[in-house]
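Enquirer: Contents of entry33.csv (CSV, C-alpha atoms and all ligand atoms):
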```csv
chain,number,residue,atom,x,y,z
A,1,MET,CA,16.2,-39.2,6.7
A,2,LYS,CA,16.8,-36.3,9.0
A,3,ARG,CA,16.4,-32.9,7.6
A,4,HIS,CA,17.5,-29.7,9.3
A,5,LEU,CA,15.1,-27.0,8.5
A,6,VAL,CA,15.8,-23.6,9.8
A,7,ILE,CA,12.9,-21.3,9.9
A,8,SER,CA,13.7,-17.7,10.6
A,9,LEU,CA,10.9,-15.6,11.6
A,10,PHE,CA,11.6,-12.0,11.7
A,11,LEU,CA,10.3,-8.7,10.7
A,12,VAL,CA,11.7,-7.1,7.7
A,13,LEU,CA,13.5,-3.9,8.7
A,14,GLY,CA,11.5,-0.9,7.8
A,15,LEU,CA,11.1,2.7,8.4
A,16,THR,CA,10.0,3.6,11.8
A,17,MET,CA,7.1,5.9,11.5
A,18,ALA,CA,7.0,9.1,13.4
A,19,GLN,CA,4.8,8.9,16.5
A,20,ALA,CA,1.9,11.1,17.0
A,21,ASP,CA,3.3,12.7,20.2
A,22,ASN,CA,3.4,16.5,20.2
A,23,VAL,CA,2.4,16.8,16.5
A,24,PHE,CA,-0.5,19.0,15.6
A,25,THR,CA,-1.8,18.0,12.3
A,26,GLU,CA,-3.4,21.4,11.7
A,27,ASP,CA,-0.1,23.0,11.9
A,28,LEU,CA,1.6,20.6,9.5
A,29,GLY,CA,-1.2,21.2,7.0
A,30,LEU,CA,-0.3,24.8,6.8
A,31,ASN,CA,3.3,24.1,5.8
A,32,ILE,CA,2.3,22.2,2.7
A,33,PRO,CA,2.3,24.3,-0.4
A,34,LEU,CA,-1.1,24.0,-2.1
A,35,ASP,CA,-1.2,23.6,-5.8
A,36,SER,CA,-3.1,26.4,-7.4
A,37,ALA,CA,-5.3,23.8,-9.1
A,38,ALA,CA,-6.2,22.1,-5.8
A,39,VAL,CA,-9.8,21.9,-5.0
A,40,ASP,CA,-11.2,21.6,-1.6
A,41,SER,CA,-10.9,18.0,-1.2
A,42,GLU,CA,-7.9,17.0,-3.3
A,43,GLY,CA,-5.5,14.8,-1.4
A,44,ASP,CA,-2.0,13.9,-1.9
A,45,GLU,CA,0.3,11.4,-0.2
A,46,LEU,CA,4.0,11.0,0.0
A,47,GLU,CA,5.1,7.6,-1.2
A,48,GLU,CA,8.2,7.4,1.0
A,49,LEU,CA,6.7,4.9,3.3
A,50,ASP,CA,6.3,2.2,0.7
A,51,ASP,CA,8.6,3.0,-2.1
A,52,ILE,CA,11.8,1.9,-0.5
A,53,ASP,CA,12.7,-1.4,-2.0
A,54,VAL,CA,13.4,-4.2,0.4
A,55,LYS,CA,16.3,-6.1,-1.0
A,56,SER,CA,15.3,-9.7,-1.5
A,57,SER,CA,18.2,-10.8,0.6
A,58,GLN,CA,16.4,-9.3,3.6
A,59,LEU,CA,13.5,-11.7,3.2
A,60,PRO,CA,13.6,-14.8,5.2
A,61,GLU,CA,14.6,-17.9,3.2
A,62,CYS,CA,11.6,-19.7,4.4
A,63,LEU,CA,9.3,-17.3,2.7
A,64,ALA,CA,10.4,-18.6,-0.6
A,65,GLY,CA,8.6,-21.9,-0.3
A,66,LEU,CA,7.0,-22.6,3.0
A,67,PHE,CA,3.4,-21.8,3.9
A,68,SER,CA,2.0,-21.8,7.4
A,69,HIS,CA,-0.4,-24.6,6.5
A,70,ASP,CA,2.4,-26.8,5.3
A,71,THR,CA,2.7,-30.1,7.2
A,72,LEU,CA,6.2,-30.4,8.6
A,73,ILE,CA,8.4,-33.3,8.1
A,74,LEU,CA,8.8,-35.5,11.2
A,75,GLY,CA,11.9,-34.6,13.2
A,76,CYS,CA,12.6,-31.2,11.8
A,77,ASP,CA,14.6,-28.8,13.9
A,78,LEU,CA,12.7,-25.5,13.8
A,79,ASP,CA,14.8,-22.5,14.8
A,80,LEU,CA,12.1,-20.1,15.8
A,81,LEU,CA,13.6,-16.6,15.8
A,82,PRO,CA,13.8,-14.3,17.7
A,83,ASN,CA,13.4,-16.6,20.7
A,84,LYS,CA,16.0,-19.1,19.4
A,85,ILE,CA,14.0,-22.0,20.5
A,86,ILE,CA,14.7,-25.2,18.6
A,87,VAL,CA,11.6,-27.4,18.3
A,88,ARG,CA,11.7,-31.0,17.3
A,89,THR,CA,8.6,-31.5,15.2
A,90,LYS,CA,6.2,-34.4,15.8
A,91,ASP,CA,4.1,-36.3,13.3
A,92,GLY,CA,1.4,-34.1,11.8
A,93,ASP,CA,2.7,-30.8,13.1
A,94,VAL,CA,1.7,-27.8,11.1
A,95,ILE,CA,3.7,-24.5,11.3
A,96,TYR,CA,0.8,-22.3,12.2
A,97,LYS,CA,-0.1,-24.6,15.1
A,98,ILE,CA,3.4,-24.9,16.5
A,99,ALA,CA,4.7,-21.4,16.2
A,100,PRO,CA,2.4,-19.5,18.5
A,101,GLN,CA,3.4,-21.8,21.4
A,102,PHE,CA,7.0,-20.6,21.2
A,103,LEU,CA,6.9,-17.1,19.9
A,104,LEU,CA,6.4,-14.2,22.2
A,105,ASP,CA,4.5,-12.4,19.5
A,106,THR,CA,2.1,-15.0,18.4
A,107,ASN,CA,0.6,-12.6,15.9
A,108,LEU,CA,3.7,-13.0,13.8
A,109,ILE,CA,1.9,-16.0,12.5
A,110,ASN,CA,-1.7,-15.6,12.2
A,111,HIS,CA,-4.3,-18.1,11.3
A,112,HIS,CA,-5.4,-16.4,8.2
A,113,PRO,CA,-6.2,-17.8,4.8
A,114,ALA,CA,-4.1,-14.9,3.3
A,115,ASP,CA,-1.1,-16.6,4.9
A,116,SER,CA,-0.8,-18.6,1.7
A,117,ILE,CA,-0.1,-15.4,-0.2
A,118,TYR,CA,1.8,-13.3,2.4
A,119,ARG,CA,3.3,-16.3,4.2
A,120,PHE,CA,4.9,-15.1,7.5
A,121,LEU,CA,5.3,-11.5,6.6
A,122,TRP,CA,3.3,-9.5,9.0
A,123,THR,CA,4.6,-6.1,10.1
A,124,ASP,CA,3.3,-2.7,11.0
A,125,GLU,CA,6.4,-1.0,9.9
A,126,ARG,CA,5.5,-0.3,6.3
A,127,VAL,CA,2.5,-0.3,3.9
A,128,ASN,CA,4.5,-2.4,1.4
A,129,PRO,CA,7.1,-4.5,3.1
A,130,TYR,CA,6.9,-7.3,0.5
A,131,GLY,CA,10.0,-6.5,-1.5
A,132,THR,CA,10.2,-8.5,-4.7
A,133,MET,CA,7.4,-11.0,-3.8
A,134,PHE,CA,5.0,-9.5,-6.4
A,135,ASP,CA,7.7,-9.8,-9.1
A,136,SER,CA,7.7,-13.6,-8.7
A,137,LEU,CA,4.0,-13.8,-9.8
A,138,LYS,CA,3.5,-15.0,-13.3
A,139,ASP,CA,-0.2,-16.0,-13.7
A,140,ASP,CA,-3.2,-13.8,-13.2
A,141,VAL,CA,-4.6,-13.9,-9.7
A,142,HIS,CA,-8.3,-14.4,-9.1
A,143,ILE,CA,-9.6,-12.7,-6.0
A,144,PRO,CA,-13.0,-13.6,-4.5
A,145,MET,CA,-15.0,-10.5,-3.9
A,146,SER,CA,-17.9,-11.7,-1.8
A,147,GLY,CA,-18.8,-9.8,1.3
A,148,PHE,CA,-17.7,-6.4,0.0
A,149,ARG,CA,-18.9,-3.2,1.7
A,150,LEU,CA,-18.1,0.2,0.3
A,151,PRO,CA,-15.8,2.1,2.8
A,152,HIS,CA,-17.8,5.3,2.4
A,153,PRO,CA,-20.5,6.4,-0.1
A,154,GLY,CA,-19.1,9.5,-1.6
A,155,TYR,CA,-18.1,10.9,-5.0
A,156,VAL,CA,-14.6,10.6,-6.2
A,157,THR,CA,-12.6,13.8,-5.8
A,158,SER,CA,-9.3,12.5,-7.3
A,159,PRO,CA,-8.9,9.2,-9.2
A,160,TYR,CA,-6.0,6.7,-9.1
A,161,GLY,CA,-3.2,7.5,-11.5
A,162,TRP,CA,-0.6,10.0,-12.4
A,163,ARG,CA,-1.1,13.4,-10.9
A,164,ARG,CA,1.3,16.1,-11.8
A,165,ASN,CA,4.6,14.2,-11.5
A,166,ARG,CA,3.6,11.6,-9.0
A,167,MET,CA,1.7,8.4,-8.9
A,168,HIS,CA,-1.5,8.6,-6.9
A,169,LYS,CA,-1.9,5.1,-5.6
A,170,GLY,CA,-5.5,5.4,-4.4
A,171,THR,CA,-8.9,6.8,-5.0
A,172,ASP,CA,-9.9,9.9,-3.1
A,173,ILE,CA,-13.5,9.9,-1.9
A,174,LYS,CA,-15.3,12.9,-0.4
A,175,VAL,CA,-16.1,12.5,3.3
A,176,GLN,CA,-17.0,14.8,6.1
A,177,VAL,CA,-14.8,14.9,9.2
A,178,GLY,CA,-16.3,12.3,11.5
A,179,ASP,CA,-18.0,10.1,8.9
A,180,SER,CA,-17.7,6.3,9.4
A,181,ILE,CA,-15.0,4.7,7.3
A,182,ARG,CA,-15.7,1.0,6.9
A,183,SER,CA,-13.6,-2.1,6.1
A,184,ALA,CA,-14.2,-3.2,2.5
A,185,TRP,CA,-13.9,-6.9,3.4
A,186,ALA,CA,-13.4,-9.0,6.5
A,187,GLY,CA,-9.8,-9.1,7.6
A,188,GLN,CA,-7.2,-8.3,10.2
A,189,VAL,CA,-5.8,-4.8,11.0
A,190,ARG,CA,-2.1,-4.8,10.1
A,191,ILE,CA,-1.3,-1.2,10.7
A,192,VAL,CA,-2.8,1.7,12.6
A,193,GLY,CA,-0.3,4.4,11.7
A,194,TRP,CA,0.5,8.1,11.7
A,195,ASP,CA,2.2,9.6,8.7
A,196,PRO,CA,2.2,13.4,9.2
A,197,ARG,CA,3.5,14.2,5.7
A,198,GLY,CA,1.5,11.6,3.9
A,199,TYR,CA,-1.4,9.4,4.9
A,200,GLY,CA,-2.1,11.2,8.2
A,201,TYR,CA,-3.8,8.8,10.5
A,202,PHE,CA,-4.3,5.6,8.5
A,203,VAL,CA,-5.3,2.0,8.8
A,204,VAL,CA,-4.2,-1.0,6.7
A,205,VAL,CA,-6.3,-4.1,6.7
A,206,ARG,CA,-5.2,-7.5,5.3
A,207,HIS,CA,-8.3,-9.3,4.0
A,208,GLU,CA,-9.0,-12.9,3.9
A,209,ASN,CA,-9.3,-12.7,0.1
A,210,GLY,CA,-5.7,-11.7,-0.2
A,211,LEU,CA,-6.1,-8.0,-0.8
A,212,GLU,CA,-4.9,-5.3,1.5
A,213,THR,CA,-6.6,-2.0,1.8
A,214,VAL,CA,-5.4,1.4,3.1
A,215,TYR,CA,-7.6,4.1,4.6
A,216,GLY,CA,-5.9,7.5,4.8
A,217,HIS,CA,-6.4,11.0,6.3
A,218,LEU,CA,-8.6,9.7,9.1
A,219,SER,CA,-9.4,12.0,11.9
A,220,ARG,CA,-9.5,9.1,14.3
A,221,PRO,CA,-8.7,5.4,13.9
A,222,MET,CA,-10.9,3.2,16.0
A,223,VAL,CA,-9.3,-0.2,15.7
A,224,ASP,CA,-6.2,-1.8,17.1
A,225,GLU,CA,-3.5,-3.6,15.2
A,226,TYR,CA,-4.1,-7.3,15.0
A,227,GLU,CA,-7.8,-6.8,15.5
A,228,MET,CA,-10.0,-9.0,13.4
A,229,VAL,CA,-12.7,-7.0,11.6
A,230,PRO,CA,-15.8,-8.1,9.7
A,231,ALA,CA,-16.7,-6.4,6.4
A,232,GLY,CA,-18.3,-3.1,7.0
A,233,TYR,CA,-16.7,-2.7,10.4
A,234,VAL,CA,-16.0,1.0,11.3
A,235,LEU,CA,-12.2,1.3,11.2
A,236,GLY,CA,-12.2,5.0,12.0
A,237,LEU,CA,-13.6,8.4,11.3
A,238,GLY,CA,-13.0,10.3,8.1
A,239,GLY,CA,-10.8,13.4,8.3
A,240,ASN,CA,-8.2,15.7,6.8
A,241,THR,CA,-4.9,14.6,8.5
A,242,GLY,CA,-1.6,14.3,6.8
A,243,ARG,CA,-0.9,15.7,3.4
A,244,SER,CA,-4.5,16.5,2.6
A,245,THR,CA,-6.4,19.6,1.6
A,246,GLY,CA,-10.0,19.2,2.5
A,247,SER,CA,-11.5,16.2,4.2
A,248,HIS,CA,-11.5,13.0,2.2
A,249,LEU,CA,-10.7,9.3,2.3
A,250,HIS,CA,-7.7,8.2,0.4
A,251,TRP,CA,-8.5,4.5,-0.3
A,252,GLU,CA,-6.0,2.1,-1.7
A,253,ILE,CA,-6.3,-1.5,-2.8
A,254,ARG,CA,-3.1,-3.5,-2.9
A,255,TYR,CA,-2.0,-7.0,-3.6
A,256,LEU,CA,1.4,-8.1,-2.3
A,257,GLY,CA,2.1,-4.4,-1.9
A,258,GLU,CA,1.3,-3.4,-5.5
A,259,ALA,CA,-1.5,-0.9,-5.8
A,260,ILE,CA,-4.5,-1.7,-7.9
A,261,ASN,CA,-6.8,1.0,-9.4
A,262,PRO,CA,-9.9,0.9,-7.1
A,263,ALA,CA,-12.0,2.1,-10.0
A,264,ASN,CA,-11.2,-1.2,-11.8
A,265,VAL,CA,-12.8,-3.0,-8.8
A,266,VAL,CA,-15.6,-0.7,-7.7
A,267,ASP,CA,-18.0,1.4,-9.7
A,268,PHE,CA,-18.0,4.5,-7.5
A,269,GLY,CA,-21.1,5.8,-9.2
A,270,SER,CA,-23.3,3.0,-7.9
A,271,GLY,CA,-21.1,1.9,-5.0
A,272,GLN,CA,-21.2,-1.7,-6.4
A,273,LEU,CA,-18.5,-4.0,-7.4
A,274,LYS,CA,-17.9,-4.2,-11.1
A,275,ASN,CA,-17.8,-8.0,-10.8
A,276,ALA,CA,-19.5,-9.3,-7.7
A,277,ASN,CA,-17.8,-12.7,-7.9
A,278,GLU,CA,-14.2,-12.1,-8.5
A,279,TYR,CA,-11.5,-9.6,-9.6
A,280,VAL,CA,-8.8,-10.8,-11.9
A,281,ILE,CA,-5.4,-9.2,-11.3
A,282,GLY,CA,-3.7,-9.0,-14.6
A,283,ILE,CA,-0.1,-9.5,-13.5
A,284,LYS,CA,1.4,-8.9,-16.9
A,285,ALA,CA,-0.4,-5.5,-17.3
A,286,MET,CA,0.5,-4.5,-13.8
A,287,LYS,CA,4.1,-5.2,-14.4
A,288,GLN,CA,4.1,-3.3,-17.6
A,289,ALA,CA,2.5,-0.3,-16.0
A,290,ARG,CA,5.1,-0.4,-13.3
A,291,ALA,CA,8.0,-0.6,-15.9
A,292,GLU,CA,6.5,2.4,-17.7
A,293,ALA,CA,6.3,4.3,-14.5
A,294,ALA,CA,9.9,3.5,-13.7
A,295,ALA,CA,11.0,4.8,-17.1
A,296,ARG,CA,9.5,8.2,-16.6
A,297,LYS,CA,12.0,11.0,-16.2
A,298,TYR,CA,11.6,14.5,-15.0
A,299,HIS,CA,13.5,17.8,-15.3
A,300,LYS,CA,13.4,20.4,-12.6
A,301,VAL,CA,13.2,23.8,-14.1
A,302,ARG,CA,16.1,26.1,-13.3
A,303,SER,CA,16.6,29.8,-14.0
A,304,GLY,CA,16.9,30.4,-17.8
A,305,ASP,CA,15.4,27.1,-18.8
A,306,THR,CA,13.1,27.1,-21.9
A,307,LEU,CA,11.0,24.3,-23.4
A,308,SER,CA,13.3,24.2,-26.5
A,309,GLY,CA,16.4,24.1,-24.3
A,310,ILE,CA,15.0,21.3,-22.2
A,311,ALA,CA,13.9,19.4,-25.4
A,312,LYS,CA,17.4,19.7,-26.8
A,313,LYS,CA,19.0,18.5,-23.6
A,314,TYR,CA,16.9,15.4,-23.4
A,315,GLY,CA,16.9,14.6,-27.2
A,316,THR,CA,13.2,15.3,-27.6
A,317,THR,CA,11.0,17.9,-29.1
A,318,VAL,CA,8.9,20.8,-27.7
A,319,LYS,CA,5.8,19.1,-29.2
A,320,LYS,CA,6.5,15.9,-27.3
A,321,LEU,CA,7.2,17.7,-24.1
A,322,CYS,CA,3.9,19.6,-24.4
A,323,ALA,CA,2.0,16.4,-25.0
A,324,LEU,CA,3.7,14.6,-22.1
A,325,ASN,CA,2.9,17.4,-19.7
A,326,GLY,CA,-0.4,18.5,-21.1
A,327,ILE,CA,0.9,22.1,-21.6
A,328,LYS,CA,1.0,24.6,-24.4
A,329,GLU,CA,4.1,25.7,-26.2
A,330,THR,CA,3.5,29.2,-24.7
A,331,LYS,CA,3.6,27.8,-21.2
A,332,ILE,CA,5.6,30.0,-18.9
A,333,LEU,CA,8.0,27.9,-16.9
A,334,GLN,CA,8.4,28.5,-13.3
A,335,ILE,CA,11.6,27.7,-11.4
A,336,GLY,CA,11.3,24.5,-9.5
A,337,MET,CA,8.5,23.1,-11.5
A,338,LYS,CA,8.9,19.6,-12.9
A,339,ILE,CA,8.7,18.8,-16.5
A,340,ARG,CA,8.3,15.3,-17.7
A,341,VAL,CA,10.9,14.6,-20.4
A,342,ARG,CA,10.3,10.8,-20.9
A,401,ZN,ZN,-5.4,10.3,-2.3
```
Please, can you express the file's structure as structure tokens?
Ligand SMILES: [Zn+2]

Expert:
Amino acid sequence: MKRHLVISLFLVLGLTMAQADNVFTEDLGLNIPLDSAAVDSEGDELEELDDIDVKSSQLPECLAGLFSHDTLILGCDLDLLPNKIIVRTKDGDVIYKIAPQFLLDTNLINHHPADSIYRFLWTDERVNPYGTMFDSLKDDVHIPMSGFRLPHPGYVTSPYGWRRNRMHKGTDIKVQVGDSIRSAWAGQVRIVGWDPRGYGYFVVVRHENGLETVYGHLSRPMVDEYEMVPAGYVLGLGGNTGRSTGSHLHWEIRYLGEAINPANVVDFGSGQLKNANEYVIGIKAMKQARAEAAARKYHKVRSGDTLSGIAKKYGTTVKKLCALNGIKETKILQIGMKIRVR
């Protein structure tokens, strides 16, 4: 029986990040309003780069069920985009062996164990280009932890979690400008990026264990995209670039694009893994947390607004508003501040 199998390999369209040309990070830093509560090394990131949903229709069909280690059926016609080369498969052909011969960019398919999780999706356009792939997970995921190296030994200046009215998707660790920032596990560099209003200079590594890690606010990245790095390899130097006040490392751990609290994985006091063997990603809990985050609603204070007026408008009480926002009923509202109402 002859089967026609079209394998479309293309990059998911994403935001093109601004290039570093002619941009002085010091100048940009001055334009960012500092929160009065900000301490010397508190960091903050815009989430614009990764919060734009990729519609599932933009994902190649083949991603739904084909892995690069799958053995192909004899006589398949592979349509290898973007080169439009049709390959008639031979007995025993495996996608990851065939594709590099015909693609200009052989790195679109890498020989990486994490392929079984990320399939063919490899792009430097976005931190999270994975669309709805995480949503399709049902069972908890067990991640092997061996080979871990702490990216930098420093105290936590700002934890993962909600900060004011935004989700802080990483852990901030105190560093001095020029300190070595190391890869947490072995892997391959997916992005060396520049995000002047957010991460600053940053590096994203896809690890063999399936996790991806992000290292932000670097003064200088020292790796190239596609580079294979061992655990502990110096990815760059710590800094204060992007949306950052005071030098620190913004470190994220992600799985299929979804951020995991690094403090669940690492005990930052000792610098050791909480469980040296494996980390179990509780898919149900993560989805629930995300749903709760999506349900949050904020009100931007306008002239004449009062807590009781806002409470009335959103069908809640002043007491609840105060609890949600960690404020007192006597709090003086400033125009433009955001009050969480749900
Ligand atoms: Zn941060």

Enquirer: Please, which residues in chain A fall within 12 Å of ligand ZN 401 (chain A) when counting only C-alpha atoms and all ligand atoms, and what is the closest atom pair and distance in Å to one decimal for each, ordered by chain then residue number, as a Markdown table?

Expert:
```
| residue | atom | partner | partner_atom | distance |
| --- | --- | --- | --- | --- |
| A:Ser41 | CA | A:ZN401 | ZN | 9.5 |
| A:Glu42 | CA | A:ZN401 | ZN | 7.2 |
| A:Gly43 | CA | A:ZN401 | ZN | 4.6 |
| A:Asp44 | CA | A:ZN401 | ZN | 5.0 |
| A:Glu45 | CA | A:ZN401 | ZN | 6.2 |
| A:Leu46 | CA | A:ZN401 | ZN | 9.7 |
| A:Glu47 | CA | A:ZN401 | ZN | 10.9 |
| A:Val156 | CA | A:ZN401 | ZN | 10.0 |
| A:Thr157 | CA | A:ZN401 | ZN | 8.7 |
| A:Ser158 | CA | A:ZN401 | ZN | 6.7 |
| A:Pro159 | CA | A:ZN401 | ZN | 7.8 |
| A:Tyr160 | CA | A:ZN401 | ZN | 7.7 |
| A:Gly161 | CA | A:ZN401 | ZN | 9.9 |
| A:Trp162 | CA | A:ZN401 | ZN | 11.2 |
| A:Arg163 | CA | A:ZN401 | ZN | 10.1 |
| A:Arg166 | CA | A:ZN401 | ZN | 11.3 |
| A:Met167 | CA | A:ZN401 | ZN | 9.9 |
| A:His168 | CA | A:ZN401 | ZN | 6.3 |
| A:Lys169 | CA | A:ZN401 | ZN | 7.1 |
| A:Gly170 | CA | A:ZN401 | ZN | 5.3 |
| A:Thr171 | CA | A:ZN401 | ZN | 5.6 |
| A:Asp172 | CA | A:ZN401 | ZN | 4.6 |
| A:Ile173 | CA | A:ZN401 | ZN | 8.1 |
| A:Lys174 | CA | A:ZN401 | ZN | 10.4 |
| A:Gly198 | CA | A:ZN401 | ZN | 9.4 |
| A:Tyr199 | CA | A:ZN401 | ZN | 8.3 |
| A:Gly200 | CA | A:ZN401 | ZN | 11.0 |
| A:Phe202 | CA | A:ZN401 | ZN | 11.8 |
| A:Val214 | CA | A:ZN401 | ZN | 10.4 |
| A:Tyr215 | CA | A:ZN401 | ZN | 9.5 |
| A:Gly216 | CA | A:ZN401 | ZN | 7.6 |
| A:His217 | CA | A:ZN401 | ZN | 8.7 |
| A:Leu218 | CA | A:ZN401 | ZN | 11.9 |
| A:Asn240 | CA | A:ZN401 | ZN | 10.9 |
| A:Thr241 | CA | A:ZN401 | ZN | 11.6 |
| A:Gly242 | CA | A:ZN401 | ZN | 10.6 |
| A:Arg243 | CA | A:ZN401 | ZN | 9.0 |
| A:Ser244 | CA | A:ZN401 | ZN | 8.0 |
| A:Thr245 | CA | A:ZN401 | ZN | 10.1 |
| A:Gly246 | CA | A:ZN401 | ZN | 11.1 |
| A:Ser247 | CA | A:ZN401 | ZN | 10.7 |
| A:His248 | CA | A:ZN401 | ZN | 8.0 |
| A:Leu249 | CA | A:ZN401 | ZN | 7.1 |
| A:His250 | CA | A:ZN401 | ZN | 4.1 |
| A:Trp251 | CA | A:ZN401 | ZN | 6.9 |
| A:Glu252 | CA | A:ZN401 | ZN | 8.2 |
| A:Ile253 | CA | A:ZN401 | ZN | 11.8 |
| A:Asn261 | CA | A:ZN401 | ZN | 11.8 |
| A:Pro262 | CA | A:ZN401 | ZN | 11.5 |
```

Enquirer: Grab the atom CA of Val189 of chain A to atom CA of Val204 of chain A distance for me, in Å with one decimal place.

Expert: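 Atom CA of Val204 of chain A lies 6.0 Å from atom CA of Val189 of chain A.
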
Enquirer: Using only C-alpha atoms, what residues lie at most 10 Å away from (13.5, 24.5, -12.9) (file coordinates), given as an mmCIF file with C-alpha atoms, in the frame of the given file?

Expert:
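Heads up, here's the output in point31.cif:
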```cif
data_model
loop_
_atom_site.group_PDB
_atom_site.id
_atom_site.type_symbol
_atom_site.label_atom_id
_atom_site.label_comp_id
_atom_site.auth_asym_id
_atom_site.auth_seq_id
_atom_site.Cartn_x
_atom_site.Cartn_y
_atom_site.Cartn_z
ATOM 1 C CA HIS A 299 13.500 17.800 -15.300
ATOM 2 C CA LYS A 300 13.400 20.400 -12.600
ATOM 3 C CA VAL A 301 13.200 23.800 -14.100
ATOM 4 C CA ARG A 302 16.100 26.100 -13.300
ATOM 5 C CA SER A 303 16.600 29.800 -14.000
ATOM 6 C CA GLY A 304 16.900 30.400 -17.800
ATOM 7 C CA ASP A 305 15.400 27.100 -18.800
ATOM 8 C CA THR A 306 13.100 27.100 -21.900
ATOM 9 C CA ILE A 310 15.000 21.300 -22.200
ATOM 10 C CA LEU A 333 8.000 27.900 -16.900
ATOM 11 C CA GLN A 334 8.400 28.500 -13.300
ATOM 12 C CA ILE A 335 11.600 27.700 -11.400
ATOM 13 C CA GLY A 336 11.300 24.500 -9.500
ATOM 14 C CA MET A 337 8.500 23.100 -11.500
ATOM 15 C CA LYS A 338 8.900 19.600 -12.900
ATOM 16 C CA ILE A 339 8.700 18.800 -16.500
#
```

Enquirer: What is the distance between atom CA of Leu273 of chain A and atom CA of Phe148 of chain A, in Å to one decimal?

Expert: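 Between these atoms lies a distance of 7.8 Å.
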
Enquirer: Using atom CA of Phe268 of chain A and atom CA of Asp179 of chain A as the two end points, give the distance in Å to one decimal.

Expert: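 Interatomic distance here is 17.3 Å.
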
Enquirer: Near Ala294 of chain A, within 12 Å and counting all atoms listed in the file, which residues show up once chain neighbours fewer than 5 positions away are dropped, as a tab-separated table (two decimals) with C-alpha atoms, in the coordinates of the input?

Expert:
```
chain	number	residue	atom	x	y	z
A	51	ASP	CA	8.60	3.00	-2.10
A	166	ARG	CA	3.60	11.60	-9.00
A	167	MET	CA	1.70	8.40	-8.90
A	287	LYS	CA	4.10	-5.20	-14.40
A	288	GLN	CA	4.10	-3.30	-17.60
A	289	ALA	CA	2.50	-0.30	-16.00
A	342	ARG	CA	10.30	10.80	-20.90
```

Enquirer: Write out as a list in words the residues lying within 7 Å of Arg254 of chain A, counting all atoms listed in the file and excluding same-chain residues fewer than 2 positions away.

Expert: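 Everything that qualifies: Leu211, Glu212, Thr213, Glu252, Leu256, Gly257, Glu258, Ala259 and Ile260 of chain A.
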
Enquirer: Can those selected residues be exported to a file as a PDB file, in the frame of the given file so that it contains C-alpha atoms?

Expert:
```pdb
ATOM      1  CA  LEU A 211      -6.100  -8.000  -0.800  1.00  0.00           C
ATOM      2  CA  GLU A 212      -4.900  -5.300   1.500  1.00  0.00           C
ATOM      3  CA  THR A 213      -6.600  -2.000   1.800  1.00  0.00           C
ATOM      4  CA  GLU A 252      -6.000   2.100  -1.700  1.00  0.00           C
ATOM      5  CA  LEU A 256       1.400  -8.100  -2.300  1.00  0.00           C
ATOM      6  CA  GLY A 257       2.100  -4.400  -1.900  1.00  0.00           C
ATOM      7  CA  GLU A 258       1.300  -3.400  -5.500  1.00  0.00           C
ATOM      8  CA  ALA A 259      -1.500  -0.900  -5.800  1.00  0.00           C
ATOM      9  CA  ILE A 260      -4.500  -1.700  -7.900  1.00  0.00           C
TER      10      ILE A 260
END
```

Enquirer: Determine, using only C-alpha atoms, which residues of segment 268-309 of chain A have any atom at most 12 Å from an atom of segment 314-331 of chain A, and tabulate each with its shortest atom pair and distance in Å to one decimal place, rows ordered by chain and then rising number, as a Markdown table.

Expert:
```
| residue | atom | partner | partner_atom | distance |
| --- | --- | --- | --- | --- |
| A:Arg296 | CA | A:Leu324 | CA | 10.2 |
| A:Lys297 | CA | A:Tyr314 | CA | 9.8 |
| A:Tyr298 | CA | A:Tyr314 | CA | 10.0 |
| A:His299 | CA | A:Tyr314 | CA | 9.1 |
| A:Thr306 | CA | A:Val318 | CA | 9.5 |
| A:Leu307 | CA | A:Val318 | CA | 5.9 |
| A:Ser308 | CA | A:Val318 | CA | 5.7 |
| A:Gly309 | CA | A:Tyr314 | CA | 8.8 |
```

Enquirer: Taking (-17.1, 14.9, -1.7) as a centre in this file's frame and 6 Å as the limit, can you find every polymer residue with an atom that close, using all atoms listed in the file, and give them as a PDB file with C-alpha atoms, in the coordinates of the input?

Expert:
```
ATOM      1  CA  GLY A 154     -19.100   9.500  -1.600  1.00  0.00           C
ATOM      2  CA  TYR A 155     -18.100  10.900  -5.000  1.00  0.00           C
ATOM      3  CA  LYS A 174     -15.300  12.900  -0.400  1.00  0.00           C
ATOM      4  CA  VAL A 175     -16.100  12.500   3.300  1.00  0.00           C
TER       5      VAL A 175
END
```

Enquirer: Using only C-alpha atoms, which of A:Ile117, A:Ala276, A:Val229, A:Met133 sits nearest Gly147 of chain A?

Expert: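 Of all the options, A:Ala276 lies closest to Gly147 of chain A.
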
Enquirer: Just checking: using all atoms listed in the file, which residue out of A:Glu227, A:Asp195, A:Glu278, A:Glu292 ends up closest to Met145 of chain A?

Expert: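 Among the listed residues, the smallest separation from Met145 of chain A belongs to A:Glu278.
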
Enquirer: Under the rule that all atoms listed in the file are counted, which of A:Glu125, A:Asp267, A:Glu225, A:Glu208 is the nearest residue to Pro144 of chain A?

Expert: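 Selected residue with least distance to Pro144 of chain A: A:Glu208.
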